[in-house]
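> Pasting protein_36.cif below, which is mmCIF, C-alpha atoms.
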data_model
loop_
_atom_site.group_PDB
_atom_site.id
_atom_site.type_symbol
_atom_site.label_atom_id
_atom_site.label_comp_id
_atom_site.auth_asym_id
_atom_site.auth_seq_id
_atom_site.Cartn_x
_atom_site.Cartn_y
_atom_site.Cartn_z
ATOM 1 C CA MET A 227 20.638 70.868 -30.864
ATOM 2 C CA SER A 228 19.551 74.362 -29.936
ATOM 3 C CA SER A 229 16.893 76.078 -32.017
ATOM 4 C CA GLU A 230 18.238 79.453 -30.849
ATOM 5 C CA LEU A 231 21.107 79.120 -33.272
ATOM 6 C CA ASP A 232 20.743 79.331 -37.024
ATOM 7 C CA ALA A 233 20.738 76.047 -38.867
ATOM 8 C CA LEU A 234 21.904 74.605 -42.159
ATOM 9 C CA LEU A 235 21.257 71.120 -43.484
ATOM 10 C CA SER A 236 23.700 70.368 -46.294
ATOM 11 C CA ALA A 237 24.179 67.090 -48.103
ATOM 12 C CA THR A 238 26.400 65.251 -50.507
ATOM 13 C CA PHE A 239 26.872 61.733 -51.853
ATOM 14 C CA HIS A 240 29.746 59.429 -51.052
ATOM 15 C CA GLU A 241 30.750 56.199 -52.734
ATOM 16 C CA ALA A 242 33.476 53.710 -52.019
ATOM 17 C CA GLY A 243 36.909 54.170 -53.548
ATOM 18 C CA TYR A 244 37.067 57.939 -53.317
ATOM 19 C CA ALA A 245 39.085 60.300 -51.182
ATOM 20 C CA HIS A 246 36.468 62.796 -50.039
ATOM 21 C CA MET A 247 37.499 65.629 -47.763
ATOM 22 C CA ILE A 248 35.027 68.218 -46.469
ATOM 23 C CA GLU A 249 36.217 71.649 -45.414
ATOM 24 C CA LEU A 250 33.566 72.331 -42.801
ATOM 25 C CA VAL A 251 33.785 76.096 -42.844
ATOM 26 C CA HIS A 252 35.221 77.601 -45.977
ATOM 27 C CA GLN A 253 35.027 81.201 -44.766
ATOM 28 C CA LYS A 254 37.791 81.585 -42.259
ATOM 29 C CA ASP A 255 40.121 84.363 -41.366
ATOM 30 C CA ALA A 256 42.814 84.490 -38.744
ATOM 31 C CA PRO A 257 41.276 87.136 -36.449
ATOM 32 C CA ALA A 258 37.806 85.626 -36.317
ATOM 33 C CA ARG A 259 38.726 81.940 -36.464
ATOM 34 C CA ARG A 260 35.156 81.157 -37.360
ATOM 35 C CA ARG A 261 33.660 77.848 -36.338
ATOM 36 C CA LEU A 262 30.351 76.082 -36.143
ATOM 37 C CA ALA A 263 28.446 75.719 -32.879
ATOM 38 C CA ALA A 264 27.455 72.092 -33.492
ATOM 39 C CA LEU A 265 27.650 69.534 -36.278
ATOM 40 C CA ARG A 266 26.019 66.148 -36.775
ATOM 41 C CA VAL A 267 26.550 63.862 -39.757
ATOM 42 C CA ASP A 268 24.002 61.226 -40.810
ATOM 43 C CA ALA A 269 24.402 58.749 -43.674
ATOM 44 C CA TYR A 270 21.615 56.960 -45.560
ATOM 45 C CA ASP A 271 21.525 54.150 -48.102
ATOM 46 C CA ALA A 272 19.637 54.488 -51.388
ATOM 47 C CA GLY A 273 16.377 53.402 -49.788
ATOM 48 C CA GLY A 274 16.590 56.033 -47.042
ATOM 49 C CA ARG A 275 17.734 53.734 -44.229
ATOM 50 C CA ARG A 276 20.002 55.513 -41.779
ATOM 51 C CA LEU A 277 23.346 53.775 -41.435
ATOM 52 C CA ALA A 278 25.339 56.228 -39.344
ATOM 53 C CA VAL A 279 24.848 59.123 -36.936
ATOM 54 C CA VAL A 280 27.932 60.937 -35.728
ATOM 55 C CA GLU A 281 28.184 64.017 -33.522
ATOM 56 C CA LEU A 282 31.367 65.812 -34.483
ATOM 57 C CA ASP A 283 33.604 68.322 -32.800
ATOM 58 C CA PRO A 284 32.513 71.593 -34.439
ATOM 59 C CA ALA A 285 36.021 72.959 -34.112
ATOM 60 C CA GLN A 286 37.225 70.381 -36.616
ATOM 61 C CA ASP A 287 38.388 72.000 -39.854
ATOM 62 C CA ILE A 288 38.597 69.136 -42.310
ATOM 63 C CA LEU A 289 36.461 66.013 -42.234
ATOM 64 C CA ASP A 290 37.696 62.823 -43.918
ATOM 65 C CA LEU A 291 34.363 61.532 -45.141
ATOM 66 C CA ASP A 292 35.669 58.178 -46.328
ATOM 67 C CA ALA A 293 37.177 57.509 -42.910
ATOM 68 C CA LEU A 294 33.825 58.329 -41.346
ATOM 69 C CA VAL A 295 31.388 56.442 -43.604
ATOM 70 C CA GLY A 296 33.611 54.524 -46.052
ATOM 71 C CA ASP A 297 32.833 51.136 -44.503
ATOM 72 C CA ALA A 298 29.110 51.781 -44.870
ATOM 73 C CA ALA A 299 29.621 52.863 -48.492
ATOM 74 C CA ARG A 300 31.574 49.703 -49.289
ATOM 75 C CA ALA A 301 28.814 47.599 -47.757
ATOM 76 C CA HIS A 302 25.742 49.478 -48.985
ATOM 77 C CA GLY A 303 26.749 51.465 -52.079
ATOM 78 C CA ARG A 304 26.430 55.179 -52.605
ATOM 79 C CA LEU A 305 25.384 57.079 -49.478
ATOM 80 C CA LEU A 306 23.491 60.300 -48.922
ATOM 81 C CA VAL A 307 25.521 62.122 -46.269
ATOM 82 C CA VAL A 308 23.743 64.905 -44.392
ATOM 83 C CA PHE A 309 25.481 67.655 -42.414
ATOM 84 C CA ASP A 310 23.301 69.290 -39.756
ATOM 85 C CA ALA A 311 25.205 72.410 -38.727
ATOM 86 C CA ARG A 312 24.241 75.014 -36.144
ATOM 87 C CA TYR A 313 25.902 78.385 -36.176
ATOM 88 C CA ASP A 314 25.770 81.855 -34.699
ATOM 89 C CA ALA A 315 24.477 84.357 -37.248
ATOM 90 C CA ARG A 316 26.695 87.039 -35.745
ATOM 91 C CA ILE A 317 29.708 85.011 -36.846
ATOM 92 C CA PHE A 318 28.332 83.980 -40.250
ATOM 93 C CA PRO A 319 26.181 86.871 -41.475
ATOM 94 C CA TYR A 320 24.928 84.843 -44.450
ATOM 95 C CA ARG A 321 25.597 81.177 -43.641
ATOM 96 C CA PRO A 322 28.637 78.937 -43.427
ATOM 97 C CA HIS A 323 29.778 77.066 -46.535
ATOM 98 C CA HIS A 324 31.135 73.557 -46.647
ATOM 99 C CA TYR A 325 33.478 72.823 -49.559
ATOM 100 C CA ALA A 326 34.763 69.465 -50.699
ATOM 101 C CA TYR A 327 37.653 67.731 -52.439
ATOM 102 C CA LEU A 328 36.804 64.522 -54.271
ATOM 103 C CA GLN A 329 39.076 62.138 -56.152
ATOM 104 C CA ARG A 330 39.015 58.429 -56.880
ATOM 105 C CA ARG A 331 41.967 56.766 -55.221
ATOM 106 C CA ASP A 332 43.284 55.298 -58.490
ATOM 107 C CA ALA A 333 42.439 58.435 -60.477
ATOM 108 C CA ALA A 334 44.420 59.484 -63.475
ATOM 109 C CA THR A 335 42.601 62.796 -63.574
ATOM 110 C CA ALA A 336 42.613 65.922 -61.463
ATOM 111 C CA PRO A 337 40.533 66.055 -58.273
ATOM 112 C CA LEU A 338 37.119 67.657 -58.211
ATOM 113 C CA TYR A 339 36.238 70.559 -55.940
ATOM 114 C CA TYR A 340 32.668 71.551 -55.187
ATOM 115 C CA ALA A 341 30.417 73.344 -52.720
ATOM 116 C CA LEU A 342 28.118 71.141 -50.685
ATOM 117 C CA ASN A 343 24.457 71.505 -51.545
ATOM 118 C CA ALA A 344 22.802 73.688 -48.877
ATOM 119 C CA THR A 345 19.456 71.934 -49.055
ATOM 120 C CA LEU A 346 17.565 73.145 -45.973
ATOM 121 C CA GLY A 347 18.287 76.485 -44.365
ATOM 122 C CA GLY A 348 20.148 77.653 -47.417
ATOM 123 C CA VAL A 349 18.028 80.821 -47.442
ATOM 124 C CA PRO A 350 17.937 82.150 -43.869
ATOM 125 C CA ASP A 351 14.822 84.229 -43.228
ATOM 126 C CA ARG A 352 16.831 87.169 -41.931
ATOM 127 C CA ILE A 353 18.473 87.838 -45.319
ATOM 128 C CA GLY A 354 15.131 88.526 -46.992
ATOM 129 C CA ALA A 355 15.621 86.522 -50.210
ATOM 130 C CA VAL A 356 12.433 85.697 -52.100
ATOM 131 C CA ALA A 357 13.451 83.814 -55.263
ATOM 132 C CA LEU A 358 12.464 80.172 -55.577
ATOM 133 C CA ASN A 359 15.329 77.720 -55.531
ATOM 134 C CA ASN A 360 13.526 74.461 -56.096
ATOM 135 C CA PHE A 361 13.666 74.790 -59.901
ATOM 136 C CA GLU A 362 17.196 74.225 -61.107
ATOM 137 C CA THR A 363 18.950 73.913 -64.416
ATOM 138 C CA TYR A 364 22.321 72.983 -65.893
ATOM 139 C CA LEU A 365 23.765 73.670 -69.348
ATOM 140 C CA PHE A 366 26.107 71.168 -70.938
ATOM 141 C CA LEU A 367 29.214 72.006 -72.923
ATOM 142 C CA ASP A 368 28.750 72.624 -76.619
ATOM 143 C CA ARG A 369 30.828 69.659 -77.723
ATOM 144 C CA PRO A 370 30.224 65.953 -78.209
ATOM 145 C CA LEU A 371 29.675 64.402 -74.790
ATOM 146 C CA THR A 372 31.985 61.503 -74.139
ATOM 147 C CA GLU A 373 31.117 61.158 -70.455
ATOM 148 C CA ARG A 374 28.052 59.508 -68.926
ATOM 149 C CA TYR A 375 25.929 62.159 -67.243
ATOM 150 C CA ALA A 376 23.337 61.879 -64.495
ATOM 151 C CA LEU A 377 21.535 63.829 -61.802
ATOM 152 C CA ALA A 378 22.206 62.612 -58.275
ATOM 153 C CA LEU A 379 19.106 63.421 -56.222
ATOM 154 C CA GLY A 380 18.293 63.018 -52.549
ATOM 155 C CA ASN A 381 15.191 63.808 -50.524
ATOM 156 C CA LEU A 382 15.980 65.259 -47.092
ATOM 157 C CA SER A 383 12.352 65.297 -45.939
ATOM 158 C CA ARG A 384 11.358 63.575 -42.761
ATOM 159 C CA PHE A 385 7.849 62.574 -43.922
ATOM 160 C CA ALA A 386 7.157 63.674 -47.488
ATOM 161 C CA THR A 387 7.891 61.635 -50.563
ATOM 162 C CA ALA A 388 9.268 63.860 -53.308
ATOM 163 C CA GLU A 389 7.850 63.690 -56.792
ATOM 164 C CA ALA A 390 10.193 65.469 -59.149
ATOM 165 C CA GLN A 391 10.542 65.909 -62.884
ATOM 166 C CA VAL A 392 13.876 65.647 -64.650
ATOM 167 C CA ILE A 393 13.482 67.413 -67.969
ATOM 168 C CA THR A 394 16.183 67.118 -70.617
ATOM 169 C CA TYR A 395 16.463 69.137 -73.827
ATOM 170 C CA TYR A 396 17.989 67.786 -77.035
ATOM 171 C CA ASP A 397 18.326 70.605 -79.576
ATOM 172 C CA GLY A 398 14.811 71.708 -78.676
ATOM 173 C CA ALA A 399 13.217 68.302 -78.207
ATOM 174 C CA ARG A 400 12.035 67.811 -74.642
ATOM 175 C CA HIS A 401 12.106 64.598 -72.643
ATOM 176 C CA THR A 402 10.567 64.266 -69.176
ATOM 177 C CA GLU A 403 11.266 61.627 -66.562
ATOM 178 C CA ASP A 404 9.268 61.419 -63.354
ATOM 179 C CA VAL A 405 11.196 60.575 -60.204
ATOM 180 C CA ARG A 406 9.732 59.498 -56.878
ATOM 181 C CA LEU A 407 11.928 59.543 -53.783
ATOM 182 C CA PRO A 408 10.691 58.536 -50.311
ATOM 183 C CA PRO A 409 12.130 60.399 -47.316
ATOM 184 C CA LYS A 410 15.949 60.236 -47.198
ATOM 185 C CA ALA A 411 16.041 58.076 -50.324
ATOM 186 C CA HIS A 412 18.369 58.939 -53.165
ATOM 187 C CA ALA A 413 19.031 57.952 -56.759
ATOM 188 C CA GLU A 414 21.233 58.713 -59.720
ATOM 189 C CA ILE A 415 19.068 59.498 -62.739
ATOM 190 C CA ALA A 416 20.907 58.783 -65.999
ATOM 191 C CA LEU A 417 20.751 61.427 -68.702
ATOM 192 C CA ALA A 418 21.096 60.102 -72.241
ATOM 193 C CA ALA A 419 23.854 61.953 -74.103
ATOM 194 C CA ALA A 420 21.758 61.986 -77.279
ATOM 195 C CA ARG A 421 18.229 61.193 -78.444
ATOM 196 C CA ASP A 422 17.235 60.736 -82.091
ATOM 197 C CA GLY A 423 20.597 62.097 -83.142
ATOM 198 C CA ALA A 424 20.240 65.298 -81.126
ATOM 199 C CA ARG A 425 22.725 66.136 -78.398
ATOM 200 C CA LEU A 426 21.905 66.761 -74.743
ATOM 201 C CA ARG A 427 21.946 70.521 -74.178
ATOM 202 C CA ARG A 428 20.270 71.200 -70.863
ATOM 203 C CA VAL A 429 18.629 69.540 -67.890
ATOM 204 C CA GLU A 430 16.037 70.974 -65.526
ATOM 205 C CA LEU A 431 14.926 69.697 -62.160
ATOM 206 C CA LYS A 432 11.463 70.615 -60.920
ATOM 207 C CA ALA A 433 9.982 69.627 -57.583
ATOM 208 C CA LEU A 434 7.568 71.064 -55.048
ATOM 209 C CA PHE A 435 10.408 71.437 -52.598
ATOM 210 C CA ARG A 436 14.153 71.648 -52.797
ATOM 211 C CA LEU A 437 16.063 68.393 -53.146
ATOM 212 C CA THR A 438 19.749 67.669 -52.744
ATOM 213 C CA SER A 439 20.971 67.712 -56.327
ATOM 214 C CA TYR A 440 24.238 67.390 -58.206
ATOM 215 C CA VAL A 441 25.148 66.922 -61.851
ATOM 216 C CA VAL A 442 27.588 64.061 -62.164
ATOM 217 C CA GLY A 443 29.714 62.997 -65.115
ATOM 218 C CA ARG A 444 31.554 59.688 -65.303
ATOM 219 C CA ARG A 445 34.108 58.135 -67.605
ATOM 220 C CA PRO A 446 32.364 55.631 -69.877
ATOM 221 C CA GLN A 447 34.822 52.926 -68.856
ATOM 222 C CA GLY A 448 35.109 52.388 -65.127
ATOM 223 C CA GLY A 449 32.670 55.091 -64.098
ATOM 224 C CA GLU A 450 35.217 57.411 -62.499
ATOM 225 C CA LEU A 451 33.678 60.738 -61.572
ATOM 226 C CA VAL A 452 34.912 63.590 -63.762
ATOM 227 C CA LEU A 453 32.146 66.048 -62.840
ATOM 228 C CA PHE A 454 30.345 66.591 -59.545
ATOM 229 C CA ASP A 455 28.717 69.979 -59.432
ATOM 230 C CA HIS A 456 25.635 71.870 -58.392
ATOM 231 C CA LEU A 457 22.854 72.992 -60.690
ATOM 232 C CA PHE A 458 21.810 76.617 -60.982
ATOM 233 C CA THR A 459 18.642 78.103 -59.611
ATOM 234 C CA TYR A 460 16.109 78.562 -62.340
ATOM 235 C CA PHE A 461 14.812 82.080 -62.808
ATOM 236 C CA LYS A 462 12.209 82.962 -65.372
ATOM 237 C CA MET B 191 4.566 65.202 -53.752
ATOM 238 C CA SER B 192 2.846 62.451 -51.854
ATOM 239 C CA LEU B 193 2.595 61.951 -48.129
ATOM 240 C CA GLU B 194 3.063 58.834 -46.110
ATOM 241 C CA PRO B 195 0.117 58.058 -43.845
ATOM 242 C CA ALA B 196 0.717 58.812 -40.191
ATOM 243 C CA ALA B 197 -1.655 58.783 -37.249
ATOM 244 C CA ALA B 198 -0.277 61.759 -35.366
ATOM 245 C CA LEU B 199 2.669 64.043 -35.138
ATOM 246 C CA ASP B 200 5.155 62.458 -32.735
ATOM 247 C CA PRO B 201 5.632 64.720 -29.667
ATOM 248 C CA GLY B 202 9.182 63.434 -29.498
ATOM 249 C CA LEU B 203 9.959 65.693 -32.449
ATOM 250 C CA ASP B 204 8.857 68.876 -30.686
ATOM 251 C CA GLY B 205 12.346 70.182 -30.007
ATOM 252 C CA GLU B 206 13.595 69.539 -33.530
ATOM 253 C CA LEU B 207 13.628 71.948 -36.429
ATOM 254 C CA LEU B 208 11.030 71.688 -39.140
ATOM 255 C CA CYS B 209 12.097 74.805 -41.050
ATOM 256 C CA TYR B 210 15.810 75.516 -41.101
ATOM 257 C CA CYS B 211 15.255 78.971 -42.630
ATOM 258 C CA THR B 212 12.803 80.405 -40.058
ATOM 259 C CA ARG B 213 13.955 78.095 -37.227
ATOM 260 C CA LEU B 214 10.426 76.810 -36.643
ATOM 261 C CA THR B 215 10.359 73.686 -34.495
ATOM 262 C CA PHE B 216 7.756 70.934 -34.686
ATOM 263 C CA GLY B 217 6.668 71.918 -31.173
ATOM 264 C CA GLU B 218 6.103 75.549 -32.186
ATOM 265 C CA LEU B 219 4.049 74.359 -35.145
ATOM 266 C CA ARG B 220 1.983 72.114 -32.879
ATOM 267 C CA ALA B 221 1.394 74.923 -30.366
ATOM 268 C CA ALA B 222 0.431 77.424 -33.051
ATOM 269 C CA CYS B 223 -2.048 75.032 -34.622
ATOM 270 C CA ALA B 224 -3.555 74.143 -31.251
ATOM 271 C CA ALA B 225 -4.063 77.852 -30.560
ATOM 272 C CA LYS B 226 -5.480 78.374 -34.078
ATOM 273 C CA GLY B 227 -2.635 80.786 -34.599
ATOM 274 C CA TRP B 228 -0.852 79.396 -37.614
ATOM 275 C CA PRO B 229 1.435 80.901 -38.781
ATOM 276 C CA PRO B 230 2.875 82.461 -35.619
ATOM 277 C CA PRO B 231 4.451 85.934 -35.849
ATOM 278 C CA GLY B 232 7.822 85.874 -37.541
ATOM 279 C CA LYS B 233 7.267 82.432 -39.040
ATOM 280 C CA GLU B 234 5.042 83.426 -41.945
ATOM 281 C CA ARG B 235 7.595 82.411 -44.568
ATOM 282 C CA THR B 236 8.091 78.891 -43.258
ATOM 283 C CA GLY B 237 8.386 76.559 -46.240
ATOM 284 C CA ARG B 238 8.805 79.400 -48.727
ATOM 285 C CA LEU B 239 12.500 80.233 -48.503
ATOM 286 C CA CYS B 240 14.752 77.316 -49.326
ATOM 287 C CA THR B 241 11.448 75.383 -49.778
ATOM 288 C CA GLY B 242 13.117 72.202 -48.545
ATOM 289 C CA CYS B 243 10.640 71.695 -45.683
ATOM 290 C CA GLN B 244 7.527 72.436 -47.743
ATOM 291 C CA GLY B 245 6.553 68.784 -48.059
ATOM 292 C CA ASP B 246 6.952 68.100 -44.357
ATOM 293 C CA LEU B 247 5.139 71.318 -43.464
ATOM 294 C CA GLN B 248 2.080 70.332 -45.501
ATOM 295 C CA HIS B 249 2.186 66.871 -43.988
ATOM 296 C CA CYS B 250 2.272 68.239 -40.430
ATOM 297 C CA LEU B 251 -0.415 70.851 -41.060
ATOM 298 C CA ARG B 252 -2.688 68.117 -42.319
ATOM 299 C CA LEU B 253 -1.979 65.980 -39.251
ATOM 300 C CA LEU B 254 -2.730 68.960 -37.019
ATOM 301 C CA GLY B 255 -5.982 69.736 -38.776
ATOM 302 C CA VAL B 256 -4.918 72.887 -40.593
ATOM 303 C CA ARG B 257 -5.700 73.302 -44.252
ATOM 304 C CA ALA B 258 -2.361 73.771 -46.020
ATOM 305 C CA PRO B 259 -2.001 76.866 -48.209
ATOM 306 C CA ALA B 260 -2.132 76.307 -51.945
#
Once more with this new file: its structure as structure tokens, please.

Amino acid sequence: MSSELDALLSATFHEAGYAHMIELVHQKDAPARRRLAALRVDAYDAGGRRLAVVELDPAQDILDLDALVGDAARAHGRLLVVFDARYDARIFPYRPHHYAYLQRRDAATAPLYYALNATLGGVPDRIGAVALNNFETYLFLDRPLTERYALALGNLSRFATAEAQVITYYDGARHTEDVRLPPKAHAEIALAAARDGARLRRVELKALFRLTSYVVGRRPQGGELVLFDHLFTYFK
Amino acid sequence: MSLEPAAALDPGLDGELLCYCTRLTFGELRAACAAKGWPPPGKERTGRLCTGCQGDLQHCLRLLGVRAPA
């Protein structure tokens, strides 16, 4: 792929049994008919082993992720799916956005919509942003939590093993879990809904460099996803 | 962060992007280090924007004999 174009490396997670559609460029308008210059999709198992590499037609609007990597997900479990997009900055002054629709095929609940995590290249140098985005946080609803919550984390590095901290807060009490992810490895880190009678209020993710991260919530029975969302950049 | 041991930076990576924010390639990093010119003009913020390549950047700088910034 050309290094003369701008670049964005986004990622999500895919597991078997879900309809998962990716809108490759969310920002479109009829006159411009914006499109990417190139797009490659890679998929990795939990240990970071690459299972699929697919060069896609960048003019494609909607990608059926389950059709693309569903067989690998059924054979190997949850996948880290990486989207390496190249684009012309004159067409996308900030950067393109990929958005997704996610719903279990036997779901009784509404589908989930989310923005793909823009892990590398999410802050193009030309826009001049300076805030750190490798510290992230998420606040939970102020009600008893009936779902099972977790952080889904992936390391998009080529060489570096990530050592991250997942810090949870329970009415002021702090709990820290260390996480180690080799390159391209990924994991779902369970967050206890309560500790010592105190409810989960907040989670923070701290790492030397930005990881692919989502907050996920699942039904206690069956594990159906009812939340799949990004964290918020931590400013202090 | 910890780094996997590696003998050298694979020249086969030279055309690929290390930093997606500044568009620095592995080859440009190698050339800048060889010329004792790291960071090259316009690439000073490599690793400091989205931060996602920071681990790989430190790894490569070490392989290329450049002391990584704190």
> Here's the selection I'm unsure about, the PyMOL selection byres ((chain A) within 7 of (chain B)); applied to the file above, which residues does it give, as a list in words?
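Checking the PyMOL selection byres ((chain A) within 7 of (chain B)) against this file, the residues are Ser229, Asp232, Ala233, Leu234, Thr345, Leu346, Gly347, Gly348, Val349, Pro350, Asp351, Val356, Asn359, Asn360, Ser383, Arg384, Phe385, Ala386, Thr387, Ala388, Glu389, Leu434, Phe435, Arg436 and Leu437 of chain A.
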> Tell me, as JSON, numbers by chain, which residues lie within 12 Å of stretch 416-426 of chain A, counting only C-alpha atoms; anything in the same chain fewer than 4 positions away does not count.
{"A": [364, 365, 366, 367, 368, 369, 370, 371, 372, 373, 374, 375, 376, 377, 378, 379, 392, 393, 394, 395, 396, 397, 398, 399, 400, 401, 402, 403, 405, 430, 441, 442, 443, 444, 446]}
> Apply the PyMOL selection byres ((chain B and resi 228) around 12) to the structure shown and report the selected residues as a list in words.
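That selection, the PyMOL selection byres ((chain B and resi 228) around 12), comes back as Leu214, Glu218, Leu219, Arg220, Ala221, Ala222, Cys223, Ala224, Ala225, Lys226, Gly227, Pro229, Pro230, Pro231, Gly232, Lys233, Glu234, Arg235, Thr236, Leu247, Cys250, Leu251, Leu254, Gly255, Val256, Arg257, Ala258 and Pro259 of chain B.
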> For A:Leu231, which of A:Asp292, A:Asp314, A:Glu362, A:Asp404 is the closest residue, counting all atoms listed in the file?
A:Asp314
> Do you have the atom CA of A:His456-atom CA of A:Arg316 distance handy?
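A separation of 27.3 Å between them.
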> What is the distance between atom CA of A:Arg331 and atom CA of A:Met247, in Å to one decimal?
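Here the two named atoms are 12.4 Å from each other.
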> Decode the PyMOL selection byres ((chain A and resi 239) around 7) for the given file into explicit residues and return them as a list in words.
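What the PyMOL selection byres ((chain A and resi 239) around 7) grabs from the file is Thr238, His240, Glu241, Arg304, Leu305, Leu306 and Val307 of chain A.
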> Which value, in Å to one decimal, gives the distance between atom CA of A:Arg330 and atom CA of A:Tyr244?
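These atoms are spaced 4.1 Å apart.
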> Counting all atoms listed in the file, which of A:Ala326, A:Ala272, A:Ile317, A:Ala336 gets nearest to A:Ala299?
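Checking each of A:Ala326, A:Ala272, A:Ile317, A:Ala336 against A:Ala299, counting all atoms listed in the file, the winner is A:Ala272.
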> Which is closest to A:Gly380 among A:Gly354, A:Ala237, A:Leu431, A:His252, if we use all atoms listed in the file?
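Using all atoms listed in the file, the shortest distance to A:Gly380 belongs to A:Ala237.
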